[in-house]
Amino acid sequence: MNVKKRDDYISWNDYFMGVAILAAHRSKDPHSQVGCCVVSRDKKILGVGYNGFPIGCSDEELPWGREGAFLETKYPYVCHAELNAVMNSNFADLRGAIVYVTLFPCNECTKLLIQKGVGRIVYLSDKYHDSDSSVASRRMLDMAGVEYEAFQADRDRLTIDFAQEARDARQV
């Protein structure tokens, strides 16, 4: 009996962006949920992160708002997904790594990614494209020779149905 491999498996590109999207679902931010997955050149996940407050800083006590006095907004407190993914990595050397992120990196995260030697960024959304932060990010990425590109999905959707997966696993 000649059994052939499945041909409906997901591409590496969809897989890694899927991990970033799944990570974003961990964010408690009511306005922006961002996820990031850092991948080696040989397709190993090096780190995953999402936007949220630093460890030990209460999600209940710090503000989640976007408007008002600076110290009464989330901005001085939130760690971005890229920062968390780099900090969660077990590898000091990220040279040549690919970053899959659900939102184009801000200028601060871009500096971090350049300093760590990331070689390429694949982003899902660029909704702040014309902001000063995004313009500065692209300027630095171009100067540093870091490639960046919009994510191109190989399939329209990927659904995780926990109940169905459990049923299928019992039938094996």
# chains A, B, ... in the order shown; residues from 1 in each chain; ligands from 1

$ residues_around --residues "stretch 45-59 of chain A" --least-positions-apart "5" --cutoff "8 Å" --atoms "only C-alpha atoms" --output "count of residues only"
31

$ select_by_dssp --residues "stretch 17-109 of chain A" --states "helix (DSSP H, G or I)" --output "PyMOL selection string"
chain A and resi 17-24+70-72+81-87+107-109

$ closest_residue --among "A:Ser125, A:Thr110, A:Gln115, A:Gln152" --to "A:Ala92" --atoms "only C-alpha atoms"
A:Gln115

$ closest_residue --among "A:Val101, A:Leu112, A:Val118, A:Val135" --to "A:Arg41" --atoms "only C-alpha atoms"
A:Val118

$ select_by_dssp --residues "chain A" --states "strand (DSSP E or B)" --output "PDB file with all heavy atoms, in the first residue's frame"
ATOM      1  N   GLY A  35       0.939  40.558  18.217  1.00  0.00           N
ATOM      2  CA  GLY A  35       1.750  39.382  18.486  1.00  0.00           C
ATOM      3  C   GLY A  35       2.963  39.357  17.592  1.00  0.00           C
ATOM      4  O   GLY A  35       2.981  39.945  16.510  1.00  0.00           O
ATOM      5  N   CYS A  36       3.998  38.658  18.059  1.00  0.00           N
ATOM      6  CA  CYS A  36       5.258  38.597  17.326  1.00  0.00           C
ATOM      7  C   CYS A  36       5.880  37.216  17.492  1.00  0.00           C
ATOM      8  O   CYS A  36       5.853  36.646  18.584  1.00  0.00           O
ATOM      9  CB  CYS A  36       6.201  39.672  17.861  1.00  0.00           C
ATOM     10  SG  CYS A  36       7.807  39.730  17.044  1.00  0.00           S
ATOM     11  N   CYS A  37       6.443  36.698  16.422  1.00  0.00           N
ATOM     12  CA  CYS A  37       7.143  35.414  16.429  1.00  0.00           C
ATOM     13  C   CYS A  37       8.487  35.609  15.729  1.00  0.00           C
ATOM     14  O   CYS A  37       8.529  36.024  14.575  1.00  0.00           O
ATOM     15  CB  CYS A  37       6.295  34.369  15.701  1.00  0.00           C
ATOM     16  SG  CYS A  37       7.027  32.726  15.634  1.00  0.00           S
ATOM     17  N   VAL A  38       9.584  35.333  16.440  1.00  0.00           N
ATOM     18  CA  VAL A  38      10.927  35.454  15.883  1.00  0.00           C
ATOM     19  C   VAL A  38      11.390  34.059  15.468  1.00  0.00           C
ATOM     20  O   VAL A  38      11.323  33.118  16.262  1.00  0.00           O
ATOM     21  CB  VAL A  38      11.911  36.064  16.913  1.00  0.00           C
ATOM     22  CG1 VAL A  38      13.301  36.204  16.308  1.00  0.00           C
ATOM     23  CG2 VAL A  38      11.402  37.408  17.417  1.00  0.00           C
ATOM     24  N   VAL A  39      11.873  33.963  14.224  1.00  0.00           N
ATOM     25  CA  VAL A  39      12.182  32.666  13.625  1.00  0.00           C
ATOM     26  C   VAL A  39      13.609  32.683  13.060  1.00  0.00           C
ATOM     27  O   VAL A  39      14.017  33.644  12.415  1.00  0.00           O
ATOM     28  CB  VAL A  39      11.183  32.372  12.478  1.00  0.00           C
ATOM     29  CG1 VAL A  39      11.469  31.048  11.819  1.00  0.00           C
ATOM     30  CG2 VAL A  39       9.750  32.438  12.988  1.00  0.00           C
ATOM     31  N   ILE A  45      11.456  28.426  15.848  1.00  0.00           N
ATOM     32  CA  ILE A  45      10.937  29.563  16.610  1.00  0.00           C
ATOM     33  C   ILE A  45      11.921  29.889  17.725  1.00  0.00           C
ATOM     34  O   ILE A  45      12.264  29.030  18.542  1.00  0.00           O
ATOM     35  CB  ILE A  45       9.536  29.267  17.166  1.00  0.00           C
ATOM     36  CG1 ILE A  45       8.535  29.134  16.014  1.00  0.00           C
ATOM     37  CG2 ILE A  45       9.101  30.371  18.140  1.00  0.00           C
ATOM     38  CD1 ILE A  45       7.134  28.742  16.434  1.00  0.00           C
ATOM     39  N   LEU A  46      12.368  31.141  17.758  1.00  0.00           N
ATOM     40  CA  LEU A  46      13.337  31.593  18.756  1.00  0.00           C
ATOM     41  C   LEU A  46      12.670  32.336  19.907  1.00  0.00           C
ATOM     42  O   LEU A  46      13.195  32.357  21.020  1.00  0.00           O
ATOM     43  CB  LEU A  46      14.386  32.499  18.098  1.00  0.00           C
ATOM     44  CG  LEU A  46      15.154  31.889  16.939  1.00  0.00           C
ATOM     45  CD1 LEU A  46      16.094  32.925  16.324  1.00  0.00           C
ATOM     46  CD2 LEU A  46      15.918  30.654  17.380  1.00  0.00           C
ATOM     47  N   GLY A  47      11.547  32.979  19.636  1.00  0.00           N
ATOM     48  CA  GLY A  47      10.851  33.733  20.670  1.00  0.00           C
ATOM     49  C   GLY A  47       9.477  34.161  20.201  1.00  0.00           C
ATOM     50  O   GLY A  47       9.249  34.360  19.007  1.00  0.00           O
ATOM     51  N   VAL A  48       8.568  34.293  21.158  1.00  0.00           N
ATOM     52  CA  VAL A  48       7.194  34.718  20.880  1.00  0.00           C
ATOM     53  C   VAL A  48       6.810  35.745  21.937  1.00  0.00           C
ATOM     54  O   VAL A  48       7.212  35.619  23.100  1.00  0.00           O
ATOM     55  CB  VAL A  48       6.212  33.517  20.931  1.00  0.00           C
ATOM     56  CG1 VAL A  48       4.774  33.959  20.739  1.00  0.00           C
ATOM     57  CG2 VAL A  48       6.593  32.465  19.888  1.00  0.00           C
ATOM     58  N   GLY A  49       6.054  36.766  21.542  1.00  0.00           N
ATOM     59  CA  GLY A  49       5.611  37.765  22.509  1.00  0.00           C
ATOM     60  C   GLY A  49       4.348  38.468  22.059  1.00  0.00           C
ATOM     61  O   GLY A  49       3.940  38.367  20.897  1.00  0.00           O
ATOM     62  N   TYR A  50       3.749  39.165  22.998  1.00  0.00           N
ATOM     63  CA  TYR A  50       2.555  39.980  22.730  1.00  0.00           C
ATOM     64  C   TYR A  50       2.656  41.234  23.584  1.00  0.00           C
ATOM     65  O   TYR A  50       3.452  41.299  24.521  1.00  0.00           O
ATOM     66  CB  TYR A  50       1.268  39.200  23.028  1.00  0.00           C
ATOM     67  CG  TYR A  50       1.178  38.645  24.424  1.00  0.00           C
ATOM     68  CD1 TYR A  50       0.625  39.394  25.464  1.00  0.00           C
ATOM     69  CD2 TYR A  50       1.655  37.374  24.719  1.00  0.00           C
ATOM     70  CE1 TYR A  50       0.553  38.885  26.751  1.00  0.00           C
ATOM     71  CE2 TYR A  50       1.581  36.855  25.993  1.00  0.00           C
ATOM     72  CZ  TYR A  50       1.027  37.614  27.004  1.00  0.00           C
ATOM     73  OH  TYR A  50       0.960  37.120  28.283  1.00  0.00           O
ATOM     74  N   GLY A  52       1.852  43.890  26.365  1.00  0.00           N
ATOM     75  CA  GLY A  52       1.299  43.855  27.713  1.00  0.00           C
ATOM     76  C   GLY A  52       2.232  44.540  28.698  1.00  0.00           C
ATOM     77  O   GLY A  52       3.318  44.985  28.340  1.00  0.00           O
ATOM     78  N   CYS A  79       4.832  47.011  27.240  1.00  0.00           N
ATOM     79  CA  CYS A  79       5.932  46.423  26.475  1.00  0.00           C
ATOM     80  C   CYS A  79       5.337  45.904  25.168  1.00  0.00           C
ATOM     81  O   CYS A  79       4.350  45.166  25.177  1.00  0.00           O
ATOM     82  CB  CYS A  79       6.552  45.247  27.228  1.00  0.00           C
ATOM     83  SG  CYS A  79       7.335  45.672  28.779  1.00  0.00           S
ATOM     84  N   ILE A  98      14.030  36.092  11.146  1.00  0.00           N
ATOM     85  CA  ILE A  98      12.845  36.682  10.526  1.00  0.00           C
ATOM     86  C   ILE A  98      11.838  36.955  11.640  1.00  0.00           C
ATOM     87  O   ILE A  98      11.598  36.102  12.489  1.00  0.00           O
ATOM     88  CB  ILE A  98      12.227  35.738   9.488  1.00  0.00           C
ATOM     89  CG1 ILE A  98      13.254  35.378   8.411  1.00  0.00           C
ATOM     90  CG2 ILE A  98      10.983  36.358   8.856  1.00  0.00           C
ATOM     91  CD1 ILE A  98      12.832  34.225   7.529  1.00  0.00           C
ATOM     92  N   VAL A  99      11.277  38.146  11.625  1.00  0.00           N
ATOM     93  CA  VAL A  99      10.267  38.529  12.608  1.00  0.00           C
ATOM     94  C   VAL A  99       8.914  38.571  11.915  1.00  0.00           C
ATOM     95  O   VAL A  99       8.744  39.283  10.919  1.00  0.00           O
ATOM     96  CB  VAL A  99      10.599  39.910  13.229  1.00  0.00           C
ATOM     97  CG1 VAL A  99       9.433  40.437  14.040  1.00  0.00           C
ATOM     98  CG2 VAL A  99      11.849  39.812  14.075  1.00  0.00           C
ATOM     99  N   TYR A 100       7.984  37.786  12.420  1.00  0.00           N
ATOM    100  CA  TYR A 100       6.591  37.829  11.968  1.00  0.00           C
ATOM    101  C   TYR A 100       5.831  38.610  13.026  1.00  0.00           C
ATOM    102  O   TYR A 100       5.821  38.234  14.197  1.00  0.00           O
ATOM    103  CB  TYR A 100       6.009  36.416  11.839  1.00  0.00           C
ATOM    104  CG  TYR A 100       6.552  35.656  10.659  1.00  0.00           C
ATOM    105  CD1 TYR A 100       7.769  34.991  10.731  1.00  0.00           C
ATOM    106  CD2 TYR A 100       5.843  35.617   9.459  1.00  0.00           C
ATOM    107  CE1 TYR A 100       8.271  34.295   9.639  1.00  0.00           C
ATOM    108  CE2 TYR A 100       6.342  34.922   8.363  1.00  0.00           C
ATOM    109  CZ  TYR A 100       7.555  34.276   8.459  1.00  0.00           C
ATOM    110  OH  TYR A 100       8.050  33.585   7.377  1.00  0.00           O
ATOM    111  N   VAL A 101       5.204  39.707  12.623  1.00  0.00           N
ATOM    112  CA  VAL A 101       4.524  40.570  13.588  1.00  0.00           C
ATOM    113  C   VAL A 101       3.198  41.038  13.000  1.00  0.00           C
ATOM    114  O   VAL A 101       3.090  41.270  11.792  1.00  0.00           O
ATOM    115  CB  VAL A 101       5.440  41.749  14.007  1.00  0.00           C
ATOM    116  CG1 VAL A 101       5.772  42.654  12.832  1.00  0.00           C
ATOM    117  CG2 VAL A 101       4.884  42.512  15.182  1.00  0.00           C
ATOM    118  N   THR A 102       2.187  41.143  13.850  1.00  0.00           N
ATOM    119  CA  THR A 102       0.856  41.480  13.352  1.00  0.00           C
ATOM    120  C   THR A 102       0.690  42.965  13.053  1.00  0.00           C
ATOM    121  O   THR A 102      -0.266  43.346  12.388  1.00  0.00           O
ATOM    122  CB  THR A 102      -0.237  41.014  14.337  1.00  0.00           C
ATOM    123  OG1 THR A 102      -0.045  41.641  15.599  1.00  0.00           O
ATOM    124  CG2 THR A 102      -0.214  39.494  14.492  1.00  0.00           C
ATOM    125  N   LEU A 103       1.612  43.807  13.526  1.00  0.00           N
ATOM    126  CA  LEU A 103       1.564  45.244  13.266  1.00  0.00           C
ATOM    127  C   LEU A 103       2.975  45.728  12.962  1.00  0.00           C
ATOM    128  O   LEU A 103       3.919  45.402  13.693  1.00  0.00           O
ATOM    129  CB  LEU A 103       0.997  45.991  14.483  1.00  0.00           C
ATOM    130  CG  LEU A 103       0.817  47.495  14.359  1.00  0.00           C
ATOM    131  CD1 LEU A 103      -0.180  47.848  13.249  1.00  0.00           C
ATOM    132  CD2 LEU A 103       0.345  48.081  15.694  1.00  0.00           C
ATOM    133  N   ARG A 120      14.949  40.243   8.511  1.00  0.00           N
ATOM    134  CA  ARG A 120      13.720  40.461   7.734  1.00  0.00           C
ATOM    135  C   ARG A 120      12.531  40.577   8.666  1.00  0.00           C
ATOM    136  O   ARG A 120      12.474  39.897   9.694  1.00  0.00           O
ATOM    137  CB  ARG A 120      13.524  39.286   6.785  1.00  0.00           C
ATOM    138  CG  ARG A 120      12.431  39.481   5.772  1.00  0.00           C
ATOM    139  CD  ARG A 120      12.522  38.429   4.674  1.00  0.00           C
ATOM    140  NE  ARG A 120      11.204  37.879   4.457  1.00  0.00           N
ATOM    141  CZ  ARG A 120      10.898  36.606   4.406  1.00  0.00           C
ATOM    142  NH1 ARG A 120      11.822  35.698   4.553  1.00  0.00           N
ATOM    143  NH2 ARG A 120       9.656  36.214   4.199  1.00  0.00           N
ATOM    144  N   ILE A 121      11.576  41.420   8.281  1.00  0.00           N
ATOM    145  CA  ILE A 121      10.342  41.609   9.039  1.00  0.00           C
ATOM    146  C   ILE A 121       9.169  41.354   8.095  1.00  0.00           C
ATOM    147  O   ILE A 121       9.114  41.923   7.004  1.00  0.00           O
ATOM    148  CB  ILE A 121      10.263  43.026   9.627  1.00  0.00           C
ATOM    149  CG1 ILE A 121      11.410  43.257  10.615  1.00  0.00           C
ATOM    150  CG2 ILE A 121       8.907  43.276  10.288  1.00  0.00           C
ATOM    151  CD1 ILE A 121      11.595  44.703  11.035  1.00  0.00           C
ATOM    152  N   VAL A 122       8.256  40.504   8.540  1.00  0.00           N
ATOM    153  CA  VAL A 122       7.024  40.234   7.797  1.00  0.00           C
ATOM    154  C   VAL A 122       5.879  40.712   8.683  1.00  0.00           C
ATOM    155  O   VAL A 122       5.735  40.253   9.811  1.00  0.00           O
ATOM    156  CB  VAL A 122       6.876  38.727   7.478  1.00  0.00           C
ATOM    157  CG1 VAL A 122       5.578  38.471   6.719  1.00  0.00           C
ATOM    158  CG2 VAL A 122       8.082  38.211   6.708  1.00  0.00           C
ATOM    159  N   TYR A 123       5.098  41.670   8.190  1.00  0.00           N
ATOM    160  CA  TYR A 123       4.043  42.275   9.007  1.00  0.00           C
ATOM    161  C   TYR A 123       2.678  42.051   8.378  1.00  0.00           C
ATOM    162  O   TYR A 123       2.529  41.973   7.168  1.00  0.00           O
ATOM    163  CB  TYR A 123       4.305  43.769   9.206  1.00  0.00           C
ATOM    164  CG  TYR A 123       4.387  44.547   7.918  1.00  0.00           C
ATOM    165  CD1 TYR A 123       3.245  45.108   7.350  1.00  0.00           C
ATOM    166  CD2 TYR A 123       5.596  44.711   7.258  1.00  0.00           C
ATOM    167  CE1 TYR A 123       3.309  45.811   6.159  1.00  0.00           C
ATOM    168  CE2 TYR A 123       5.668  45.411   6.069  1.00  0.00           C
ATOM    169  CZ  TYR A 123       4.525  45.948   5.522  1.00  0.00           C
ATOM    170  OH  TYR A 123       4.580  46.635   4.337  1.00  0.00           O
ATOM    171  N   LEU A 124       1.679  41.933   9.251  1.00  0.00           N
ATOM    172  CA  LEU A 124       0.303  41.702   8.810  1.00  0.00           C
ATOM    173  C   LEU A 124      -0.418  43.013   8.496  1.00  0.00           C
ATOM    174  O   LEU A 124      -1.103  43.137   7.497  1.00  0.00           O
ATOM    175  CB  LEU A 124      -0.456  40.924   9.888  1.00  0.00           C
ATOM    176  CG  LEU A 124      -1.878  40.500   9.576  1.00  0.00           C
ATOM    177  CD1 LEU A 124      -1.917  39.531   8.398  1.00  0.00           C
ATOM    178  CD2 LEU A 124      -2.508  39.843  10.802  1.00  0.00           C
ATOM    179  N   SER A 125      -0.253  44.003   9.368  1.00  0.00           N
ATOM    180  CA  SER A 125      -0.945  45.292   9.215  1.00  0.00           C
ATOM    181  C   SER A 125       0.066  46.436   9.278  1.00  0.00           C
ATOM    182  O   SER A 125       1.060  46.357   9.993  1.00  0.00           O
ATOM    183  CB  SER A 125      -1.969  45.464  10.343  1.00  0.00           C
ATOM    184  OG  SER A 125      -2.468  46.787  10.366  1.00  0.00           O
ATOM    185  N   GLU A 147      15.278  43.822   5.459  1.00  0.00           N
ATOM    186  CA  GLU A 147      14.139  43.694   4.552  1.00  0.00           C
ATOM    187  C   GLU A 147      12.840  43.714   5.345  1.00  0.00           C
ATOM    188  O   GLU A 147      12.798  43.264   6.483  1.00  0.00           O
ATOM    189  CB  GLU A 147      14.236  42.373   3.786  1.00  0.00           C
ATOM    190  CG  GLU A 147      15.456  42.241   2.915  1.00  0.00           C
ATOM    191  CD  GLU A 147      15.576  40.850   2.307  1.00  0.00           C
ATOM    192  OE1 GLU A 147      14.571  40.101   2.316  1.00  0.00           O
ATOM    193  OE2 GLU A 147      16.665  40.526   1.838  1.00  0.00           O
ATOM    194  N   TYR A 148      11.790  44.220   4.731  1.00  0.00           N
ATOM    195  CA  TYR A 148      10.462  44.175   5.338  1.00  0.00           C
ATOM    196  C   TYR A 148       9.433  44.038   4.235  1.00  0.00           C
ATOM    197  O   TYR A 148       9.618  44.545   3.130  1.00  0.00           O
ATOM    198  CB  TYR A 148      10.184  45.391   6.222  1.00  0.00           C
ATOM    199  CG  TYR A 148      10.402  46.729   5.559  1.00  0.00           C
ATOM    200  CD1 TYR A 148       9.344  47.420   4.982  1.00  0.00           C
ATOM    201  CD2 TYR A 148      11.666  47.306   5.513  1.00  0.00           C
ATOM    202  CE1 TYR A 148       9.541  48.654   4.374  1.00  0.00           C
ATOM    203  CE2 TYR A 148      11.873  48.542   4.919  1.00  0.00           C
ATOM    204  CZ  TYR A 148      10.814  49.206   4.352  1.00  0.00           C
ATOM    205  OH  TYR A 148      11.011  50.426   3.755  1.00  0.00           O
ATOM    206  N   GLU A 149       8.386  43.283   4.538  1.00  0.00           N
ATOM    207  CA  GLU A 149       7.362  43.038   3.531  1.00  0.00           C
ATOM    208  C   GLU A 149       6.029  42.731   4.189  1.00  0.00           C
ATOM    209  O   GLU A 149       5.978  42.198   5.300  1.00  0.00           O
ATOM    210  CB  GLU A 149       7.769  41.875   2.628  1.00  0.00           C
ATOM    211  CG  GLU A 149       7.879  40.558   3.366  1.00  0.00           C
ATOM    212  CD  GLU A 149       8.429  39.441   2.501  1.00  0.00           C
ATOM    213  OE1 GLU A 149       9.654  39.344   2.387  1.00  0.00           O
ATOM    214  OE2 GLU A 149       7.601  38.689   1.948  1.00  0.00           O
ATOM    215  N   ALA A 150       4.972  43.063   3.484  1.00  0.00           N
ATOM    216  CA  ALA A 150       3.631  42.738   3.946  1.00  0.00           C
ATOM    217  C   ALA A 150       3.415  41.231   3.814  1.00  0.00           C
ATOM    218  O   ALA A 150       3.887  40.602   2.863  1.00  0.00           O
ATOM    219  CB  ALA A 150       2.589  43.487   3.120  1.00  0.00           C
TER     220      ALA A 150
END

$ residues_around --residues "A:Asp42" --least-positions-apart "5" --cutoff "12 Å" --atoms "only C-alpha atoms" --output "number ranges by chain"
A: 12, 96-98

$ residues_around --residues "stretch 9-11 of chain A" --least-positions-apart "6" --cutoff "12 Å" --atoms "only C-alpha atoms" --output "VMD selection string"
chain A and resid 17 to 18 43 152 to 159

$ write_last_selection --atoms "N, CA, C and O atoms" --output "tab-separated table (two decimals), in the first residue's frame"
chain	number	residue	atom	x	y	z
A	17	MET	N	3.08	33.31	10.96
A	17	MET	CA	2.17	34.43	11.20
A	17	MET	C	1.02	33.95	12.07
A	17	MET	O	0.52	34.70	12.92
A	18	GLY	N	0.60	32.71	11.91
A	18	GLY	CA	-0.43	32.15	12.77
A	18	GLY	C	-0.01	32.13	14.23
A	18	GLY	O	-0.81	32.42	15.13
A	43	LYS	N	14.14	27.97	10.24
A	43	LYS	CA	12.71	27.79	10.55
A	43	LYS	C	12.43	27.24	11.95
A	43	LYS	O	11.51	26.46	12.15
A	152	GLN	N	1.81	37.83	2.94
A	152	GLN	CA	0.97	37.31	1.87
A	152	GLN	C	0.54	35.90	2.26
A	152	GLN	O	1.35	34.98	2.23
A	153	ALA	N	-0.71	35.75	2.65
A	153	ALA	CA	-1.21	34.46	3.10
A	153	ALA	C	-1.35	33.49	1.93
A	153	ALA	O	-1.68	33.89	0.82
A	154	ASP	N	-1.10	32.23	2.22
A	154	ASP	CA	-1.30	31.19	1.22
A	154	ASP	C	-2.71	30.61	1.28
A	154	ASP	O	-3.12	29.90	0.38
A	155	ARG	N	-3.42	30.92	2.35
A	155	ARG	CA	-4.82	30.49	2.49
A	155	ARG	C	-5.59	31.61	3.18
A	155	ARG	O	-5.00	32.43	3.86
A	156	ASP	N	-6.89	31.63	3.00
A	156	ASP	CA	-7.71	32.70	3.54
A	156	ASP	C	-7.91	32.62	5.04
A	156	ASP	O	-8.02	33.63	5.72
A	157	ARG	N	-7.99	31.41	5.56
A	157	ARG	CA	-8.25	31.28	7.00
A	157	ARG	C	-7.67	29.99	7.52
A	157	ARG	O	-7.46	29.02	6.78
A	158	LEU	N	-7.45	30.01	8.83
A	158	LEU	CA	-6.97	28.84	9.55
A	158	LEU	C	-7.76	28.81	10.84
A	158	LEU	O	-7.73	29.78	11.61
A	159	THR	N	-8.49	27.74	11.09
A	159	THR	CA	-9.37	27.66	12.25
A	159	THR	C	-8.88	26.60	13.21
A	159	THR	O	-8.54	25.49	12.80

$ closest_residue --among "A:Tyr15, A:Phe151, A:Tyr75, A:Phe70" --to "A:Lys44" --atoms "only C-alpha atoms"
A:Tyr15

$ atom_distance --atom1 "atom CA of A:Trp64" --atom2 "atom CA of A:Cys106"
18.6 Å

$ residues_around --residues "A:Pro63" --least-positions-apart "5" --cutoff "7 Å" --atoms "only C-alpha atoms" --output "compact mmCIF listing (two decimals) with all heavy atoms, in the first residue's frame"
# COMPACT_ATOMS: atom_id res chain seq x y z
N GLU A 72 -1.32 58.71 32.70
CA GLU A 72 -2.63 58.09 32.89
C GLU A 72 -3.06 57.28 31.67
O GLU A 72 -4.20 56.86 31.56
CB GLU A 72 -3.67 59.17 33.20
CG GLU A 72 -3.36 59.97 34.47
CD GLU A 72 -3.16 59.07 35.69
OE1 GLU A 72 -3.94 58.11 35.86
OE2 GLU A 72 -2.21 59.32 36.45
N THR A 73 -2.11 57.07 30.73
CA THR A 73 -2.36 56.22 29.56
C THR A 73 -1.49 54.96 29.66
O THR A 73 -0.62 54.86 30.53
CB THR A 73 -2.00 56.95 28.25
OG1 THR A 73 -0.58 57.14 28.19
CG2 THR A 73 -2.71 58.29 28.15
N LYS A 74 -1.70 54.06 28.74
CA LYS A 74 -0.93 52.81 28.71
C LYS A 74 0.50 53.00 28.19
O LYS A 74 1.38 52.18 28.45
CB LYS A 74 -1.64 51.77 27.84
CG LYS A 74 -1.72 52.14 26.37
CD LYS A 74 -2.46 51.09 25.57
CE LYS A 74 -2.52 51.48 24.09
NZ LYS A 74 -3.16 50.43 23.29

$ decode --residues "stretch 17-61 of chain A" --atoms "C-alpha atoms" --output "JSON list (two decimals), in the first residue's frame"
[["chain", "number", "residue", "atom", "x", "y", "z"],
["A", 17, "MET", "CA", 2.17, 34.43, 11.20],
["A", 18, "GLY", "CA", -0.43, 32.15, 12.77],
["A", 19, "VAL", "CA", 1.78, 31.84, 15.86],
["A", 20, "ALA", "CA", 2.06, 35.65, 15.99],
["A", 21, "ILE", "CA", -1.73, 36.02, 15.68],
["A", 22, "LEU", "CA", -2.30, 33.40, 18.36],
["A", 23, "ALA", "CA", 0.15, 35.21, 20.66],
["A", 24, "ALA", "CA", -1.74, 38.47, 20.09],
["A", 25, "HIS", "CA", -4.82, 36.82, 21.59],
["A", 26, "ARG", "CA", -2.96, 36.70, 24.93],
["A", 27, "SER", "CA", -2.87, 40.52, 25.10],
["A", 28, "LYS", "CA", -5.20, 42.13, 27.62],
["A", 29, "ASP", "CA", -5.04, 45.50, 25.86],
["A", 30, "PRO", "CA", -8.62, 46.51, 25.01],
["A", 31, "HIS", "CA", -7.52, 48.54, 21.96],
["A", 32, "SER", "CA", -4.56, 46.80, 20.29],
["A", 33, "GLN", "CA", -3.59, 43.15, 20.39],
["A", 34, "VAL", "CA", -0.22, 42.61, 18.76],
["A", 35, "GLY", "CA", 1.75, 39.38, 18.49],
["A", 36, "CYS", "CA", 5.26, 38.60, 17.33],
["A", 37, "CYS", "CA", 7.14, 35.41, 16.43],
["A", 38, "VAL", "CA", 10.93, 35.45, 15.88],
["A", 39, "VAL", "CA", 12.18, 32.67, 13.62],
["A", 40, "SER", "CA", 15.69, 31.48, 12.75],
["A", 41, "ARG", "CA", 16.86, 31.09, 9.16],
["A", 42, "ASP", "CA", 16.37, 27.34, 9.54],
["A", 43, "LYS", "CA", 12.71, 27.79, 10.55],
["A", 44, "LYS", "CA", 12.96, 27.33, 14.31],
["A", 45, "ILE", "CA", 10.94, 29.56, 16.61],
["A", 46, "LEU", "CA", 13.34, 31.59, 18.76],
["A", 47, "GLY", "CA", 10.85, 33.73, 20.67],
["A", 48, "VAL", "CA", 7.19, 34.72, 20.88],
["A", 49, "GLY", "CA", 5.61, 37.76, 22.51],
["A", 50, "TYR", "CA", 2.56, 39.98, 22.73],
["A", 51, "ASN", "CA", 1.91, 43.50, 24.00],
["A", 52, "GLY", "CA", 1.30, 43.86, 27.71],
["A", 53, "PHE", "CA", 2.60, 45.27, 30.96],
["A", 54, "PRO", "CA", 5.94, 44.14, 32.42],
["A", 55, "ILE", "CA", 6.06, 41.13, 34.72],
["A", 56, "GLY", "CA", 4.94, 42.11, 38.21],
["A", 57, "CYS", "CA", 3.05, 45.21, 37.06],
["A", 58, "SER", "CA", -0.65, 44.82, 37.69],
["A", 59, "ASP", "CA", -3.04, 44.68, 34.74],
["A", 60, "GLU", "CA", -5.68, 45.94, 37.16],
["A", 61, "GLU", "CA", -3.78, 48.95, 38.55]]
